[in-house]
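Colleague: Handing over input-v5.cif, mmCIF, C-alpha atoms and all ligand atoms.
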data_target
loop_
_atom_site.label_atom_id
_atom_site.label_comp_id
_atom_site.auth_asym_id
_atom_site.auth_seq_id
_atom_site.Cartn_x
_atom_site.Cartn_y
_atom_site.Cartn_z
CA MET A 11 -114.30 2.80 -46.53
CA LEU A 12 -111.03 1.34 -47.87
CA THR A 13 -110.25 0.54 -51.47
CA ILE A 14 -106.87 -0.96 -52.27
CA THR A 15 -106.12 -1.07 -55.98
CA ASP A 16 -103.27 -2.91 -57.68
CA LEU A 17 -100.94 -2.43 -54.75
CA HIS A 18 -97.32 -3.37 -55.40
CA ALA A 19 -94.85 -2.95 -52.56
CA SER A 20 -91.35 -4.04 -51.71
CA VAL A 21 -89.08 -4.30 -48.74
CA GLU A 22 -85.28 -4.44 -49.03
CA GLU A 23 -85.73 -4.40 -52.82
CA LYS A 24 -87.74 -7.58 -52.68
CA ASN A 25 -91.21 -7.42 -54.24
CA ILE A 26 -93.71 -8.64 -51.69
CA LEU A 27 -97.09 -7.29 -52.72
CA LYS A 28 -97.78 -7.97 -56.37
CA GLY A 29 -101.11 -6.48 -57.30
CA LEU A 30 -103.29 -6.55 -54.21
CA ASN A 31 -106.93 -5.51 -54.61
CA LEU A 32 -109.36 -5.25 -51.73
CA ASP A 33 -112.55 -3.33 -51.18
CA VAL A 34 -113.82 -2.95 -47.63
CA LYS A 35 -117.15 -1.24 -47.13
CA PRO A 36 -118.29 0.48 -43.92
CA GLY A 37 -119.25 -1.97 -41.21
CA GLU A 38 -117.69 -4.98 -42.90
CA VAL A 39 -115.30 -7.46 -41.35
CA HIS A 40 -112.81 -9.01 -43.75
CA ALA A 41 -110.54 -11.87 -42.75
CA ILE A 42 -107.24 -12.38 -44.55
CA MET A 43 -105.69 -15.79 -44.35
CA GLY A 44 -102.86 -17.36 -46.31
CA PRO A 45 -99.59 -19.22 -46.07
CA ASN A 46 -96.58 -17.94 -44.17
CA GLY A 47 -94.66 -15.30 -46.06
CA ALA A 48 -97.59 -14.44 -48.33
CA GLY A 49 -97.42 -10.73 -47.49
CA LYS A 50 -100.16 -10.42 -44.88
CA SER A 51 -98.12 -8.49 -42.34
CA THR A 52 -96.51 -6.48 -45.13
CA THR A 53 -99.99 -5.36 -46.18
CA GLY A 54 -100.62 -3.98 -42.70
CA TYR A 55 -97.22 -2.30 -42.56
CA VAL A 56 -97.61 -0.71 -45.99
CA LEU A 57 -101.06 0.59 -45.09
CA SER A 58 -99.78 2.00 -41.81
CA GLY A 59 -96.80 3.70 -43.45
CA ARG A 60 -94.04 1.85 -41.70
CA ASP A 61 -90.47 2.84 -42.62
CA GLY A 62 -88.65 0.54 -45.00
CA TYR A 63 -91.69 -0.43 -47.06
CA THR A 64 -91.77 1.03 -50.56
CA VAL A 65 -94.94 1.35 -52.57
CA GLU A 66 -94.09 0.69 -56.21
CA LYS A 67 -97.53 1.12 -57.63
CA GLY A 68 -101.20 1.26 -56.73
CA SER A 69 -103.42 3.11 -54.31
CA ALA A 70 -105.19 2.78 -50.99
CA VAL A 71 -108.08 5.16 -50.47
CA LEU A 72 -109.56 5.49 -46.98
CA ASP A 73 -112.85 7.35 -46.85
CA GLY A 74 -112.10 9.14 -50.11
CA VAL A 75 -108.52 10.06 -49.19
CA GLU A 76 -105.36 8.50 -50.63
CA ILE A 77 -103.34 7.38 -47.62
CA LEU A 78 -100.20 5.93 -49.19
CA GLU A 79 -98.58 9.36 -49.46
CA MET A 80 -99.28 10.24 -45.83
CA GLU A 81 -96.98 10.00 -42.84
CA ALA A 82 -97.82 7.19 -40.43
CA GLU A 83 -99.21 9.64 -37.84
CA GLU A 84 -101.48 11.26 -40.41
CA ARG A 85 -102.88 7.87 -41.35
CA ALA A 86 -103.69 7.15 -37.74
CA ARG A 87 -105.42 10.52 -37.53
CA ALA A 88 -107.32 9.69 -40.70
CA GLY A 89 -108.81 6.77 -38.76
CA LEU A 90 -106.53 3.82 -39.38
CA PHE A 91 -105.65 1.55 -36.49
CA LEU A 92 -103.22 -1.32 -36.56
CA ALA A 93 -102.90 -3.96 -33.91
CA PHE A 94 -99.77 -5.96 -34.43
CA GLN A 95 -98.62 -9.48 -33.97
CA TYR A 96 -95.83 -8.19 -31.71
CA PRO A 97 -96.85 -5.02 -29.86
CA VAL A 98 -94.00 -2.67 -28.95
CA GLU A 99 -92.98 -1.98 -25.39
CA ILE A 100 -92.35 1.63 -24.37
CA PRO A 101 -90.76 1.48 -20.93
CA GLY A 102 -90.97 4.68 -18.92
CA VAL A 103 -94.11 5.96 -20.64
CA SER A 104 -97.25 5.05 -18.77
CA ASN A 105 -100.10 3.48 -20.61
CA LEU A 106 -102.38 6.28 -19.50
CA GLU A 107 -100.04 9.00 -20.81
CA PHE A 108 -99.56 7.14 -24.06
CA LEU A 109 -103.28 6.63 -24.58
CA LYS A 110 -104.10 10.22 -23.78
CA ALA A 111 -101.40 11.54 -26.13
CA SER A 112 -102.78 9.38 -28.97
CA VAL A 113 -106.37 10.39 -28.34
CA ASP A 114 -105.46 14.08 -27.91
CA ALA A 115 -103.57 14.08 -31.23
CA GLN A 116 -106.53 12.55 -32.98
CA ARG A 117 -108.99 14.98 -31.45
CA GLU A 118 -106.75 17.90 -32.34
CA ALA A 119 -106.60 16.70 -35.96
CA ARG A 120 -110.40 16.68 -35.99
CA GLY A 121 -110.56 20.14 -34.51
CA GLU A 122 -111.93 18.86 -31.20
CA VAL A 123 -110.71 20.04 -27.78
CA ALA A 124 -108.51 17.67 -25.77
CA TYR A 125 -110.04 15.86 -22.83
CA THR A 126 -109.07 17.07 -19.38
CA SER A 127 -107.02 14.58 -17.38
CA ALA A 128 -110.03 13.79 -15.23
CA GLU A 129 -112.31 13.22 -18.22
CA PHE A 130 -109.78 10.99 -19.89
CA LEU A 131 -109.05 9.00 -16.76
CA LYS A 132 -112.75 8.17 -16.51
CA LEU A 133 -112.88 6.98 -20.14
CA ALA A 134 -109.67 5.00 -19.74
CA LYS A 135 -110.98 3.26 -16.63
CA GLU A 136 -114.15 2.26 -18.45
CA ALA A 137 -112.11 0.92 -21.38
CA CYS A 138 -109.85 -0.97 -18.98
CA LYS A 139 -112.85 -2.68 -17.41
CA GLN A 140 -114.30 -3.43 -20.81
CA VAL A 141 -111.21 -5.44 -21.78
CA ASP A 142 -110.93 -7.01 -18.36
CA LEU A 143 -107.57 -5.49 -17.37
CA PRO A 144 -106.94 -4.36 -13.78
CA LEU A 145 -106.79 -0.55 -13.49
CA ALA A 146 -103.13 -0.82 -12.43
CA PHE A 147 -102.34 -1.39 -16.10
CA LEU A 148 -103.01 2.27 -16.79
CA LYS A 149 -100.02 3.22 -14.66
CA ARG A 150 -97.60 0.65 -16.00
CA GLY A 151 -95.16 1.31 -18.85
CA VAL A 152 -96.70 0.66 -22.27
CA ASN A 153 -96.68 -3.13 -22.72
CA GLU A 154 -93.73 -3.36 -20.32
CA GLY A 155 -93.65 -6.91 -19.01
CA PHE A 156 -97.19 -7.57 -20.18
CA SER A 157 -98.08 -11.15 -21.02
CA GLY A 158 -99.22 -11.96 -24.55
CA GLY A 159 -102.87 -11.86 -23.52
CA GLU A 160 -102.42 -8.59 -21.62
CA LYS A 161 -100.82 -6.95 -24.66
CA LYS A 162 -103.79 -7.91 -26.78
CA ARG A 163 -106.21 -6.56 -24.20
CA ASN A 164 -104.17 -3.39 -24.08
CA GLU A 165 -104.42 -3.01 -27.86
CA LEU A 166 -108.15 -3.43 -27.65
CA MET A 167 -108.25 -0.72 -25.04
CA GLN A 168 -106.37 1.57 -27.44
CA MET A 169 -108.89 0.73 -30.13
CA ILE A 170 -111.83 1.46 -27.86
CA LEU A 171 -110.41 4.84 -26.93
CA LEU A 172 -109.25 5.85 -30.41
CA LYS A 173 -112.50 4.91 -32.16
CA PRO A 174 -110.85 4.27 -35.54
CA LYS A 175 -112.69 3.91 -38.84
CA LEU A 176 -110.67 0.96 -39.98
CA CYS A 177 -108.95 -1.51 -37.70
CA ILE A 178 -106.38 -3.99 -38.90
CA LEU A 179 -105.58 -6.83 -36.53
CA ASP A 180 -102.53 -8.85 -37.50
CA GLU A 181 -102.52 -12.28 -35.91
CA THR A 182 -103.83 -10.76 -32.80
CA ASP A 183 -104.89 -14.27 -31.75
CA SER A 184 -101.45 -15.86 -32.01
CA GLY A 185 -100.23 -17.34 -28.77
CA LEU A 186 -103.47 -16.67 -26.94
CA ASP A 187 -105.34 -19.20 -24.87
CA ILE A 188 -109.05 -19.64 -25.49
CA ASP A 189 -110.07 -17.23 -22.72
CA ALA A 190 -107.79 -14.46 -24.00
CA MET A 191 -108.96 -15.09 -27.55
CA GLN A 192 -112.52 -14.68 -26.41
CA VAL A 193 -111.62 -11.36 -24.82
CA VAL A 194 -110.16 -10.22 -28.13
CA ALA A 195 -113.23 -11.44 -29.99
CA ASN A 196 -115.64 -9.82 -27.53
CA GLY A 197 -113.67 -6.59 -27.71
CA VAL A 198 -113.78 -6.57 -31.50
CA ASN A 199 -117.44 -7.54 -31.58
CA SER A 200 -118.31 -4.77 -29.15
CA GLN A 201 -116.56 -2.29 -31.47
CA ARG A 202 -118.29 -3.45 -34.63
CA SER A 203 -120.55 -0.76 -35.97
CA PRO A 204 -122.04 0.33 -39.31
CA ASP A 205 -119.31 2.95 -39.70
CA ARG A 206 -116.30 0.94 -38.59
CA SER A 207 -114.60 -1.79 -40.59
CA PHE A 208 -112.11 -4.49 -39.71
CA ILE A 209 -109.42 -6.42 -41.51
CA ILE A 210 -108.45 -9.43 -39.45
CA VAL A 211 -105.31 -11.34 -40.36
CA THR A 212 -105.27 -14.79 -38.88
CA HIS A 213 -103.65 -18.15 -39.45
CA TYR A 214 -106.37 -20.07 -37.74
CA GLN A 215 -110.03 -20.45 -38.34
CA ARG A 216 -110.87 -20.63 -34.64
CA LEU A 217 -110.83 -16.85 -34.08
CA LEU A 218 -113.44 -16.62 -36.82
CA ASP A 219 -115.76 -18.81 -34.78
CA TYR A 220 -115.99 -15.85 -32.42
CA ILE A 221 -115.62 -12.95 -34.85
CA LYS A 222 -117.87 -13.71 -37.81
CA PRO A 223 -116.32 -12.23 -40.94
CA ASP A 224 -118.42 -11.01 -43.85
CA PHE A 225 -115.67 -12.03 -46.26
CA VAL A 226 -112.63 -14.27 -46.16
CA HIS A 227 -109.71 -13.77 -48.54
CA VAL A 228 -106.68 -15.87 -49.23
CA LEU A 229 -103.49 -13.91 -49.76
CA SER A 230 -100.80 -15.84 -51.54
CA ASP A 231 -97.58 -14.56 -53.08
CA GLY A 232 -98.58 -10.94 -52.70
CA LYS A 233 -102.10 -10.98 -54.02
CA ILE A 234 -105.57 -12.15 -53.18
CA VAL A 235 -106.11 -15.43 -54.95
CA LYS A 236 -109.49 -16.39 -53.58
CA SER A 237 -112.37 -14.73 -51.75
CA GLY A 238 -115.47 -16.12 -50.21
CA ASP A 239 -117.72 -15.96 -47.20
CA ALA A 240 -117.02 -17.34 -43.71
CA SER A 241 -117.30 -20.92 -44.97
CA LEU A 242 -114.04 -20.44 -46.91
CA ALA A 243 -112.18 -20.25 -43.61
CA LYS A 244 -113.54 -23.66 -42.64
CA GLU A 245 -112.46 -25.15 -45.94
CA LEU A 246 -108.98 -23.71 -45.46
CA GLU A 247 -108.77 -25.15 -41.97
CA ALA A 248 -109.71 -28.56 -43.31
CA GLU A 249 -107.78 -28.55 -46.58
CA GLY A 250 -104.86 -26.14 -46.15
CA TYR A 251 -103.84 -23.76 -48.91
CA ALA A 252 -102.40 -26.08 -51.55
CA TRP A 253 -105.71 -26.75 -53.32
CA ILE A 254 -106.11 -23.10 -54.16
CA HIS A 255 -103.17 -23.27 -56.51
CA ASN A 256 -104.36 -26.50 -58.05
CA GLU A 257 -107.86 -27.34 -59.11
CA PRO A 258 -110.76 -25.25 -57.94
CA LYS A 259 -112.32 -27.01 -55.00
CA ASP A 260 -115.80 -26.83 -56.56
CA GLU A 261 -114.80 -29.23 -59.30
CA LEU A 262 -113.49 -31.99 -57.08
P1 LIG A 301 -96.97 -13.08 -43.71
O1 LIG A 301 -97.39 -12.07 -42.73
O2 LIG A 301 -97.99 -13.38 -44.75
O3 LIG A 301 -96.47 -14.35 -43.09
P2 LIG A 301 -94.92 -11.14 -44.34
O4 LIG A 301 -95.69 -10.01 -44.89
O5 LIG A 301 -94.45 -11.04 -42.95
O6 LIG A 301 -95.75 -12.47 -44.56
O7 LIG A 301 -93.64 -11.40 -45.26
C1 LIG A 301 -93.73 -11.54 -46.66
C2 LIG A 301 -92.36 -11.79 -47.23
O8 LIG A 301 -91.57 -10.62 -47.07
C3 LIG A 301 -91.60 -12.91 -46.57
O9 LIG A 301 -90.96 -13.66 -47.59
C4 LIG A 301 -90.61 -12.20 -45.70
O10 LIG A 301 -89.45 -12.95 -45.52
C5 LIG A 301 -90.34 -10.97 -46.50
N1 LIG A 301 -89.91 -9.84 -45.67
C6 LIG A 301 -90.63 -9.22 -44.72
N2 LIG A 301 -89.91 -8.25 -44.12
C7 LIG A 301 -88.70 -8.26 -44.72
C8 LIG A 301 -87.51 -7.50 -44.56
N3 LIG A 301 -87.40 -6.52 -43.65
N4 LIG A 301 -86.47 -7.80 -45.37
C9 LIG A 301 -86.55 -8.77 -46.30
N5 LIG A 301 -87.63 -9.52 -46.50
C10 LIG A 301 -88.69 -9.29 -45.72
MG MG A 302 -96.21 -14.87 -40.74
MG MG A 303 -97.48 -12.04 -40.69
#
Once more with this new file: its structure as structure tokens, please.
Modeller:
Amino acid sequence: MLTITDLHASVEEKNILKGLNLDVKPGEVHAIMGPNGAGKSTTGYVLSGRDGYTVEKGSAVLDGVEILEMEAEERARAGLFLAFQYPVEIPGVSNLEFLKASVDAQREARGEVAYTSAEFLKLAKEACKQVDLPLAFLKRGVNEGFSGGEKKRNELMQMILLKPKLCILDETDSGLDIDAMQVVANGVNSQRSPDRSFIIVTHYQRLLDYIKPDFVHVLSDGKIVKSGDASLAKELEAEGYAWIHNEPKDEL
């Protein structure tokens, strides 16, 4: 699904990613944890093609296609979806219009006909219910005045409608209460499928009580320094990150 090889990237001439390798197979859920400033968000931005991030070296192949050379829009059409720590607000553009434009663009890229307004409205209403948002949110400006939890639900709705191949969630649990976190987890779990993969960036283990990852990785100073199964997240919660740079935990 996604193979990242020896990825080096910089922002403002500062090297942030320093040889990142990651292999995500179809249907897998990978969690990325790690200390502040390790390069977790940068990884998401580089993969999504955000301006200001320079790839120095390496590759990222999504479903057999190198994505690092593509424009951000092309990457989204290739099936990449990013949910961010701080979702953008787009006042004046209704959520429904925004969602339909995104879905239409993706369908067009796949050679599929656009939905009619009526067809799309029906799908959007179903998605809205699925993430437990009142239907009024379809008419409101994109994320305009939404609470933290509502923004996350809104992102999940985008994900449900866009049906991406690979979803990256960057600290999508930050600032959420337990109920909202469960909505995020349920939304993600409902979208898990053998042909869709997830990379979930999180500071806290608790989200991973609800979304069971197949693999957990620790990103530190721009590369993955340790990988394991879900139990690694529990160890990190208990022990922090310092031990990874010292003695291997197994030998203690
Ligand atoms: P994480 O998400 O793991 O906490 P980030 O990927 O956000 O880390 O940041 C990695 C490093 O890159 C940090 O040291 C951060 O200060 C730096 N960084 C991120 N964006 C910029 C920028 N626009 N200009 C300069 N440094 C940046
Ligand atoms: Mg951070
Ligand atoms: Mg971050």
Colleague: Check which residues fall inside 7 Å of ligand MG 302 (chain A) when counting only C-alpha atoms and all ligand atoms, and print them as JSON, numbers by chain.
Modeller: {"A": [46, 47, 51]}
Colleague: Between A:Ile77, A:Ala190, A:Ile234, A:Ala240, single out the one closest to Gly29 in chain A, counting all atoms listed in the file.
Modeller: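 Using all atoms listed in the file, the shortest distance to Gly29 in chain A belongs to A:Ile234.
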Colleague: Please compute the CA of Asp231 in chain A-CA of Val98 in chain A distance, one decimal, in Å.
Modeller: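 Spanning CA of Asp231 in chain A to CA of Val98 in chain A is a straight-line distance of 27.1 Å.
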Colleague: Select the residues contacting ligand LIG 301 (chain A) at a distance of at most 6 Å, based on all atoms listed in the file, then format the selection as a PDB file with C-alpha atoms, keeping the file's coordinate frame.
Modeller:
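The result, stored in pocket.pdb:
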ATOM      1  CA  VAL A  21     -89.080  -4.300 -48.740  1.00  0.00           C
ATOM      2  CA  GLU A  22     -85.280  -4.440 -49.030  1.00  0.00           C
ATOM      3  CA  ILE A  26     -93.710  -8.640 -51.690  1.00  0.00           C
ATOM      4  CA  ASN A  46     -96.580 -17.940 -44.170  1.00  0.00           C
ATOM      5  CA  GLY A  47     -94.660 -15.300 -46.060  1.00  0.00           C
ATOM      6  CA  ALA A  48     -97.590 -14.440 -48.330  1.00  0.00           C
ATOM      7  CA  GLY A  49     -97.420 -10.730 -47.490  1.00  0.00           C
ATOM      8  CA  LYS A  50    -100.160 -10.420 -44.880  1.00  0.00           C
ATOM      9  CA  SER A  51     -98.120  -8.490 -42.340  1.00  0.00           C
ATOM     10  CA  THR A  52     -96.510  -6.480 -45.130  1.00  0.00           C
TER      11      THR A  52
END
Colleague: Using only C-alpha atoms and all ligand atoms, which of A:Val235, A:Ala70, A:Ala93, A:Ala124 sits nearest ligand MG 303 (chain A)?
Modeller: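 Comparing A:Val235, A:Ala70, A:Ala93, A:Ala124 against ligand MG 303 (chain A), the winner is A:Ala93.
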Colleague: In Å, with one decimal, what is the gap from CA of Leu30 in chain A to CA of Thr13 in chain A?
Modeller: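 Taking CA of Leu30 in chain A as the start and CA of Thr13 in chain A as the end point, the length is 10.3 Å.
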Colleague: Taking all atoms listed in the file into account, which residues are within 12 Å of ligand MG 303 (chain A), as a VMD selection string?
Modeller: chain A and resid 42 to 55 93 to 96 179 to 184 210 to 213 229 to 230
Colleague: Kindly export the residues of the current selection with C-alpha atoms, as a CSV table (one decimal), keeping the file's coordinate frame.
Modeller:
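That gives us again25.csv:
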chain,number,residue,atom,x,y,z
A,42,ILE,CA,-107.2,-12.4,-44.6
A,43,MET,CA,-105.7,-15.8,-44.4
A,44,GLY,CA,-102.9,-17.4,-46.3
A,45,PRO,CA,-99.6,-19.2,-46.1
A,46,ASN,CA,-96.6,-17.9,-44.2
A,47,GLY,CA,-94.7,-15.3,-46.1
A,48,ALA,CA,-97.6,-14.4,-48.3
A,49,GLY,CA,-97.4,-10.7,-47.5
A,50,LYS,CA,-100.2,-10.4,-44.9
A,51,SER,CA,-98.1,-8.5,-42.3
A,52,THR,CA,-96.5,-6.5,-45.1
A,53,THR,CA,-100.0,-5.4,-46.2
A,54,GLY,CA,-100.6,-4.0,-42.7
A,55,TYR,CA,-97.2,-2.3,-42.6
A,93,ALA,CA,-102.9,-4.0,-33.9
A,94,PHE,CA,-99.8,-6.0,-34.4
A,95,GLN,CA,-98.6,-9.5,-34.0
A,96,TYR,CA,-95.8,-8.2,-31.7
A,179,LEU,CA,-105.6,-6.8,-36.5
A,180,ASP,CA,-102.5,-8.8,-37.5
A,181,GLU,CA,-102.5,-12.3,-35.9
A,182,THR,CA,-103.8,-10.8,-32.8
A,183,ASP,CA,-104.9,-14.3,-31.8
A,184,SER,CA,-101.4,-15.9,-32.0
A,210,ILE,CA,-108.4,-9.4,-39.4
A,211,VAL,CA,-105.3,-11.3,-40.4
A,212,THR,CA,-105.3,-14.8,-38.9
A,213,HIS,CA,-103.6,-18.2,-39.4
A,229,LEU,CA,-103.5,-13.9,-49.8
A,230,SER,CA,-100.8,-15.8,-51.5
Colleague: Choose the residue, out of A:Leu148, A:Leu186, A:Ile178, A:Ala119, that has the smallest atom-to-atom separation from Lys162 in chain A; count all atoms listed in the file.
Modeller: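 Under the stated criterion, the closest residue is A:Leu186.
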Colleague: Which one of A:Leu176, A:Val113, A:Leu106, A:Val198 sits closest to Leu145 in chain A if you count all atoms listed in the file?
Modeller: A:Leu106
